[in-house]
Amino acid sequence: MVILVVDGQGGGIGRALVEKLNAEIGGEHEIMAVGINAIATMGMMKGKAKNIATGENAVIYNAKRADIIIGSIGIVAANSMLGELTPAMANAISESPAVKVLIPLNKCGLRVAGVTADTLPAVMDDAVRMVKDIINGKIKCN
């Protein structure tokens, strides 16, 4: 499976996700990290992402080939991340047939009702668990 990690701004969430995914599923699946900007890409490189790319075209191209896309909820909202995430990027991610595992952050002008007040690391751990459950067929996504 191709797991696409998308992040912007400083890439801290993406880096942590890449590190956690590498630790949990390692070389069994392709982990692709795409930064919305070069700084985010560099952050994910520090997390030991092997396959990396940067920018709008990279998001659009790789969203088509991904089986799972993981990132903050802002990756499906046009002009989120202080305007870094373009409408074309949000559209490509939203329209991708990939399963989206979204980390709820009360940022980017988005508020998610019903989300517990867990810490960001706990929410990321849950997101990585979801990716593993999808890969192992424990979560069916239609």
# chains A, B, ... in the order shown; residues from 1 in each chain; ligands from 1
call {"tool": "select_by_dssp", "arguments": {"residues": "chain A", "states": "strand (DSSP E)", "output": "list of chain:residue names"}}
result
A:Val2, A:Ile3, A:Leu4, A:Val5, A:Val6, A:Asp7, A:Glu30, A:Ile31, A:Met32, A:Ala33, A:Val34, A:Gly35, A:Asn51, A:Ile52, A:Ala53, A:Thr54, A:Ile68, A:Ile69, A:Ile70, A:Gly71, A:Ser72, A:Val99, A:Lys100, A:Val101, A:Leu102, A:Ile103
call {"tool": "closest_residue", "arguments": {"among": "A:Ala16, A:Ile25, A:Ile134, A:Ile60", "to": "Leu85 (chain A)", "atoms": "only C-alpha atoms"}}
result
A:Ile60
call {"tool": "residues_around", "arguments": {"residues": "region 117-128 of chain A", "least_positions_apart": "4", "cutoff": "7 Å", "atoms": "only C-alpha atoms", "output": "list in words"}}
result
Leu17, Lys20, Leu21, Val101, Ile103 and Lys132 of chain A
call {"tool": "atom_distance", "arguments": {"atom1": "CA of Ala23 (chain A)", "atom2": "CA of Ile70 (chain A)"}}
result
15.8 Å
